[in-house]
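**Q** What follows is the file final.cif, containing mmCIF, C-alpha atoms and all ligand atoms:
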```cif
data_start
#
loop_
_atom_site.label_atom_id
_atom_site.label_comp_id
_atom_site.auth_asym_id
_atom_site.auth_seq_id
_atom_site.Cartn_x
_atom_site.Cartn_y
_atom_site.Cartn_z
CA MET Z 1 0.73 18.99 6.62
CA THR Z 2 2.70 15.94 5.53
CA SER Z 3 5.55 16.49 3.15
CA ILE Z 4 5.89 14.12 0.22
CA ALA Z 5 9.31 13.89 -1.34
CA VAL Z 6 9.45 12.02 -4.63
CA SER Z 7 13.07 11.55 -5.62
CA THR Z 8 14.11 13.25 -8.84
CA HIS Z 9 17.56 11.64 -8.88
CA PRO Z 10 18.38 10.05 -12.24
CA LEU Z 11 20.03 7.05 -10.56
CA VAL Z 12 16.83 6.38 -8.64
CA ALA Z 13 14.68 6.71 -11.76
CA HIS Z 14 16.99 4.38 -13.70
CA LYS Z 15 16.92 1.74 -10.98
CA VAL Z 16 13.14 1.98 -10.50
CA THR Z 17 12.73 1.29 -14.21
CA ARG Z 18 14.74 -1.93 -13.78
CA LEU Z 19 12.59 -2.86 -10.77
CA ARG Z 20 9.38 -2.47 -12.75
CA ASP Z 21 10.53 -4.79 -15.53
CA PRO Z 22 9.05 -8.27 -14.92
CA ARG Z 23 12.19 -9.82 -16.46
CA THR Z 24 14.23 -8.58 -13.48
CA LYS Z 25 14.88 -11.70 -11.39
CA PRO Z 26 14.84 -11.81 -7.56
CA LYS Z 27 18.64 -11.48 -7.18
CA GLU Z 28 18.82 -8.28 -9.23
CA PHE Z 29 15.53 -7.10 -7.76
CA ARG Z 30 16.94 -7.37 -4.21
CA GLU Z 31 20.13 -5.57 -5.26
CA LEU Z 32 18.07 -2.75 -6.76
CA VAL Z 33 15.92 -2.47 -3.62
CA ASN Z 34 19.12 -2.20 -1.63
CA GLU Z 35 20.63 0.47 -3.89
CA ILE Z 36 17.46 2.55 -4.13
CA THR Z 37 17.00 2.39 -0.36
CA THR Z 38 20.50 3.80 0.12
CA LEU Z 39 19.77 6.67 -2.25
CA LEU Z 40 16.38 7.41 -0.71
CA LEU Z 41 17.70 7.34 2.83
CA TYR Z 42 20.43 9.79 1.85
CA GLU Z 43 17.64 12.18 0.90
CA ALA Z 44 15.29 11.26 3.76
CA THR Z 45 17.94 11.93 6.42
CA ALA Z 46 19.21 15.22 4.99
CA ASP Z 47 17.64 17.24 7.81
CA LEU Z 48 18.68 15.08 10.77
CA PRO Z 49 20.08 17.28 13.53
CA VAL Z 50 23.78 17.07 14.36
CA ARG Z 51 25.85 18.37 17.24
CA SER Z 52 29.39 19.73 17.06
CA VAL Z 53 32.20 17.54 18.30
CA PRO Z 54 35.94 18.05 18.19
CA VAL Z 55 37.92 15.55 16.14
CA GLU Z 56 41.62 14.98 16.14
CA THR Z 57 43.01 14.27 12.70
CA PRO Z 58 46.59 12.98 12.34
CA LEU Z 59 47.56 16.65 11.86
CA ALA Z 60 45.36 18.84 14.02
CA THR Z 61 42.24 19.17 16.10
CA THR Z 62 39.24 20.44 14.19
CA SER Z 63 35.49 20.63 14.62
CA GLY Z 64 33.23 17.91 13.31
CA VAL Z 65 29.68 16.74 13.89
CA GLU Z 66 27.86 13.67 15.04
CA LEU Z 67 24.22 12.68 14.64
CA GLU Z 68 22.15 13.89 17.55
CA SER Z 69 19.13 11.60 17.09
CA ARG Z 70 18.71 8.05 18.25
CA ILE Z 71 17.11 6.31 15.31
CA GLY Z 72 14.88 3.26 15.04
CA LEU Z 73 14.26 1.38 11.80
CA ILE Z 74 10.88 -0.31 11.46
CA PRO Z 75 10.67 -2.62 8.44
CA ILE Z 76 7.14 -3.82 7.69
CA LEU Z 77 7.41 -7.57 6.99
CA ARG Z 78 7.74 -9.09 4.69
CA ALA Z 79 8.70 -6.79 1.83
CA GLY Z 80 10.30 -4.16 4.09
CA LEU Z 81 12.99 -6.69 5.02
CA GLY Z 82 14.77 -6.02 1.75
CA MET Z 83 15.32 -2.40 2.77
CA VAL Z 84 17.02 -3.26 6.07
CA PRO Z 85 20.58 -4.06 4.89
CA ALA Z 86 20.97 -0.66 3.22
CA ALA Z 87 19.36 1.19 6.13
CA SER Z 88 21.48 -0.62 8.73
CA ALA Z 89 24.63 0.01 6.74
CA LEU Z 90 23.94 3.75 6.60
CA LEU Z 91 22.71 3.97 10.20
CA PRO Z 92 24.72 1.29 12.01
CA HIS Z 93 23.65 2.42 15.48
CA ALA Z 94 19.94 2.31 14.68
CA GLU Z 95 17.85 -0.34 16.39
CA VAL Z 96 15.78 -2.51 14.02
CA TRP Z 97 12.27 -3.39 15.15
CA HIS Z 98 10.42 -5.85 12.95
CA LEU Z 99 6.71 -5.38 12.48
CA GLY Z 100 4.75 -8.03 10.59
CA ILE Z 101 1.68 -6.74 8.76
CA TYR Z 102 -0.01 -8.26 5.74
CA ARG Z 103 -2.99 -7.13 3.70
CA GLU Z 104 -5.98 -9.38 4.16
CA GLU Z 105 -6.74 -10.47 0.61
CA ALA Z 106 -10.50 -9.98 0.46
CA THR Z 107 -10.81 -6.75 2.43
CA ARG Z 108 -7.25 -5.38 1.90
CA THR Z 109 -7.21 -4.34 5.50
CA PRO Z 110 -3.92 -4.66 7.38
CA VAL Z 111 -3.43 -7.56 9.80
CA GLU Z 112 -0.63 -7.37 12.36
CA TYR Z 113 0.98 -10.77 13.02
CA TYR Z 114 4.38 -9.96 14.54
CA ASN Z 115 5.58 -7.11 16.69
CA LYS Z 116 9.15 -6.88 17.97
CA LEU Z 117 8.90 -3.32 19.24
CA PRO Z 118 10.31 -2.81 22.73
CA GLN Z 119 7.96 -1.47 25.39
CA ASP Z 120 10.03 1.66 25.80
CA LEU Z 121 10.87 3.21 22.43
CA ASN Z 122 14.03 4.92 23.48
CA ILE Z 123 14.64 6.77 20.22
CA ASP Z 124 14.07 10.21 18.71
CA VAL Z 125 13.29 9.37 15.09
CA ALA Z 126 11.57 6.32 13.60
CA ILE Z 127 12.02 5.41 9.96
CA VAL Z 128 9.33 3.05 8.66
CA LEU Z 129 10.51 0.97 5.70
CA ASP Z 130 8.13 -0.62 3.21
CA PRO Z 131 8.59 -0.71 -0.57
CA MET Z 132 4.91 -0.24 -1.42
CA LEU Z 133 2.39 2.38 -0.27
CA ALA Z 134 -0.78 1.19 -2.00
CA THR Z 135 -4.01 1.81 -0.06
CA GLY Z 136 -1.80 3.06 2.77
CA GLY Z 137 -3.47 0.70 5.24
CA SER Z 138 -0.27 -1.09 6.27
CA ALA Z 139 1.75 2.10 6.73
CA VAL Z 140 -1.04 3.77 8.72
CA ALA Z 141 -1.36 0.68 10.95
CA ALA Z 142 2.41 0.55 11.54
CA ILE Z 143 2.57 4.22 12.46
CA ASP Z 144 -0.50 3.83 14.71
CA VAL Z 145 1.51 1.24 16.65
CA LEU Z 146 4.47 3.61 17.00
CA LYS Z 147 2.32 6.51 18.10
CA LEU Z 148 0.50 4.38 20.67
CA ARG Z 149 3.92 4.12 22.30
CA ASN Z 150 4.32 7.88 22.19
CA LEU Z 151 6.75 8.08 19.34
CA ARG Z 152 6.22 11.41 17.65
CA SER Z 153 8.87 11.81 14.98
CA VAL Z 154 8.23 9.35 12.16
CA ARG Z 155 9.35 9.20 8.52
CA PHE Z 156 8.07 6.75 5.92
CA VAL Z 157 10.51 5.56 3.26
CA GLY Z 158 9.15 3.49 0.39
CA LEU Z 159 9.89 2.72 -3.22
CA ILE Z 160 6.57 3.25 -5.01
CA ALA Z 161 3.43 4.99 -3.79
CA ALA Z 162 -0.06 5.38 -5.19
CA PRO Z 163 -1.94 8.66 -4.71
CA GLU Z 164 -4.54 6.71 -2.69
CA GLY Z 165 -1.79 5.63 -0.27
CA THR Z 166 -0.20 9.03 0.19
CA GLU Z 167 -3.64 10.53 0.74
CA ALA Z 168 -4.53 7.92 3.38
CA LEU Z 169 -1.21 8.34 5.16
CA GLN Z 170 -1.44 12.11 5.05
CA GLY Z 171 -4.99 11.97 6.38
CA ALA Z 172 -4.16 9.65 9.28
CA HIS Z 173 -0.72 11.00 10.14
CA PRO Z 174 -0.25 14.51 8.77
CA ASP Z 175 3.03 14.95 10.65
CA VAL Z 176 4.79 12.02 8.94
CA SER Z 177 7.06 12.84 6.03
CA ILE Z 178 6.88 10.48 3.07
CA HIS Z 179 9.94 9.71 0.93
CA VAL Z 180 9.50 7.59 -2.18
CA ALA Z 181 11.27 6.82 -5.42
CA ALA Z 182 8.12 7.14 -7.54
CA LEU Z 183 4.53 8.30 -7.23
CA ASP Z 184 2.46 6.23 -9.64
CA SER Z 185 -0.91 6.69 -11.31
CA HIS Z 186 -3.55 4.73 -9.36
CA LEU Z 187 -4.59 1.40 -7.81
CA ASN Z 188 -6.25 -1.31 -9.87
CA ASP Z 189 -9.33 -3.19 -8.67
CA GLN Z 190 -7.10 -5.57 -6.67
CA ALA Z 191 -5.50 -2.55 -4.96
CA TYR Z 192 -2.19 -3.08 -6.79
CA ILE Z 193 -0.24 -0.01 -7.79
CA VAL Z 194 -0.38 0.84 -11.52
CA PRO Z 195 2.04 0.82 -13.24
CA GLY Z 196 3.88 -0.33 -10.09
CA LEU Z 197 6.11 -3.38 -10.09
CA GLY Z 198 3.75 -6.17 -9.02
CA ASP Z 199 4.11 -7.80 -5.61
CA ALA Z 200 7.24 -6.48 -3.92
CA GLY Z 201 7.46 -9.40 -1.48
CA ASP Z 202 7.07 -12.06 -4.16
CA ARG Z 203 9.54 -10.39 -6.48
CA GLN Z 204 12.21 -10.13 -3.78
CA PHE Z 205 11.82 -13.59 -2.38
CA GLY Z 206 10.92 -15.52 -5.53
CA THR Z 207 7.48 -16.57 -4.33
CA VAL Z 208 4.23 -16.36 -6.29
C1 LIG G 301 2.60 -5.29 0.69
C2 LIG G 301 3.60 -4.16 0.90
C3 LIG G 301 2.94 -3.33 1.95
C4 LIG G 301 1.48 -3.47 1.61
C5 LIG G 301 1.04 -2.23 0.89
O1 LIG G 301 2.68 -6.23 1.68
O2 LIG G 301 4.86 -4.60 1.26
O3 LIG G 301 3.18 -3.77 3.27
O4 LIG G 301 1.36 -4.59 0.72
O5 LIG G 301 -0.31 -2.24 0.69
P1 LIG G 301 -1.30 -1.24 1.43
O6 LIG G 301 -0.70 0.11 1.32
O7 LIG G 301 -2.56 -1.40 0.64
O8 LIG G 301 -1.45 -1.69 2.84
P2 LIG G 301 1.82 -7.58 1.64
O9 LIG G 301 0.54 -7.41 2.37
O10 LIG G 301 1.73 -8.04 0.21
O11 LIG G 301 2.68 -8.57 2.49
P3 LIG G 301 4.15 -9.16 2.24
O12 LIG G 301 5.10 -8.01 2.37
O13 LIG G 301 4.27 -10.14 3.34
O14 LIG G 301 4.19 -9.79 0.88
N1 LIG G 302 1.68 -4.63 -2.40
C1 LIG G 302 2.58 -4.87 -3.39
O1 LIG G 302 3.55 -5.60 -3.19
N2 LIG G 302 2.36 -4.28 -4.57
C2 LIG G 302 1.33 -3.46 -4.82
O2 LIG G 302 1.21 -2.94 -5.94
C3 LIG G 302 0.40 -3.25 -3.79
C4 LIG G 302 0.61 -3.83 -2.58
#
```
Would you encode the structure as C-alpha cells?
Ligand code: PRP
Ligand code: URA
**A**
Amino acid sequence: MTSIAVSTHPLVAHKVTRLRDPRTKPKEFRELVNEITTLLLYEATADLPVRSVPVETPLATTSGVELESRIGLIPILRAGLGMVPAASALLPHAEVWHLGIYREEATRTPVEYYNKLPQDLNIDVAIVLDPMLATGGSAVAAIDVLKLRNLRSVRFVGLIAAPEGTEALQGAHPDVSIHVAALDSHLNDQAYIVPGLGDAGDRQFGTV
C-alpha cells in the first residue's frame, strides 16, 4: 500500500502558510517553493540506501558512506519546474527529465505535450516533482510513462495534495510513496484544491 507522508515540520507549515496567501508575489512564491522542496526532499530521501566508503580526512582514514542509488528527477511542466533548482542542488548527480503535462480545462484529463525521458532509464529511483496533486490525473499519467519504461521505484514529491488526488494515485500506483507539505480538505467544482493556493504555475510565473 502507498505510504503518504505529510510533513509535520514547523518550517514547512510556516512556509506553506505564506504560499497560500494571495498577497505573496511570484518572487517570494518561487523562493518558498524552493525552500519547501528542499525540506520535503530531506524527508523524502531519508531511506535512500548508502554504501560504505573509506574517506581520508586531513588527520586519518575513516569510514563514510555514499548514495547507492542513481536518481532521476522528473518535474511535471510547468509548475514542477520551480522544484528543480532545490532538487538539483541536493542531488547534483541526478538526471533531470522534463515531462510536459497539462490538465485539459473542460475534462480535467491530463494531456502530455513534451517528453524528454531517455529511452533507457538508467536509474534506480525516480522522484516526480509537481507542486499540486489535485485529481491526481497528471501524477498518475507521469508515473504511467515511467512504468512503461520499466522503472519500478518511484516517489512523488509535491507541495499540496487533495484527498481525491492521493486516493487516485494510491489506486493507480500503490507502490509509489507520496511526500507532501500539506493534505488539504477537498477539490472545488473546478477541481482546484481547497483551501490550496490557487494555480501553482500562474503564481510562480506571474501569469493569469
Ligand atoms: C497543475 C499542477 C499539476 C496539475 C494537478 O498543472 O501543476 O500538474 O495541475 O492537477 P491534477 O492532479 O488534477 O492533474 P496545470 O495543468 O495547471 O499546468 P501548468 O503546470 O502548466 O500550469
Ligand atoms: N492545479 C493547480 O495549480 N492548483 C490546483 O488547486 C489544482 C490544480
**Q** Measuring atom to atom with all atoms listed in the file, identify which of Z:Gly72, Z:Gly100, Z:Pro118, Z:Gly137 is nearest to ligand LIG 301 (chain G).
**A** Z:Gly137
**Q** Which residues sit within 8 Å of ligand LIG 301 (chain G), counting all atoms listed in the file, listed as number ranges by chain?
**A** Z: 76-80, 100-104, 108-110, 130-139, 165, 191-192, 199-202
**Q** Please determine, counting only C-alpha atoms, which residue among Z:Ser177, Z:Thr45, Z:Thr2, Z:Ser185 has the shortest atom-to-atom distance to Val154 in chain Z.
**A**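 Once distances to Val154 in chain Z are computed over only C-alpha atoms, the minimum belongs to Z:Ser177.
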**Q** Determine the axis-aligned bounding box of all atoms of range 151-162 of chain Z present in the file, pad each side by 5 Å, and express its centre and edge lengths in Å to one decimal place as AutoDock Vina command-line options.
**A**
```
--center_x 5.2 --center_y 7.3 --center_z 7.1 --size_x 20.6 --size_y 19.1 --size_z 34.5
```
**Q** Choose the residue, out of Z:Ala142, Z:Glu105, Z:Ser88, Z:Arg152, that has the smallest atom-to-atom separation from ligand LIG 302 (chain G); count all atoms listed in the file.
**A**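 Result for the nearest residue to ligand LIG 302 (chain G): Z:Glu105.
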**Q** In Å to one decimal, how far is atom C2 of ligand LIG 302 (chain G) from CA of Gln170 in chain Z?
**A**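 Taking CA of Gln170 in chain Z as the start and atom C2 of ligand LIG 302 (chain G) as the end point, the length is 18.6 Å.
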**Q** May I ask which of the residues Z:Phe205, Z:Val176, Z:Ala162, Z:Glu35 is the closest one to ligand LIG 302 (chain G), counting all atoms listed in the file?
**A**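 Closest residue, counting all atoms listed in the file: Z:Ala162.
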**Q** Suppose you want the space between CA of Asp175 in chain Z and CA of Leu121 in chain Z; what is it in Å?
**A** 18.4 Å
**Q** Please compute the CA of Val180 in chain Z-CA of Thr107 in chain Z distance, one decimal, in Å.
**A**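 Computed distance, CA of Val180 in chain Z to CA of Thr107 in chain Z, equals 25.3 Å.
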**Q** Can you pull out every residue within 12 Å of Thr24 in chain Z, counting only C-alpha atoms, but drop anything in the same chain fewer than 4 positions away, and send it as a ChimeraX atom specification?
**A** /Z:15-20,28-33,197-198,203-204,206
**Q** Using only C-alpha atoms, which residue out of Z:Leu146, Z:Ala46, Z:Val111, Z:Leu59 lies closest to Trp97 in chain Z?
**A**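 For Trp97 in chain Z, the nearest of the given residues is Z:Leu146.
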**Q** When distances are computed from all atoms listed in the file, which of Z:Val145, Z:Ala168, Z:Val140, Z:Ala182 shows the smallest separation from Val12 in chain Z?
**A** Z:Ala182
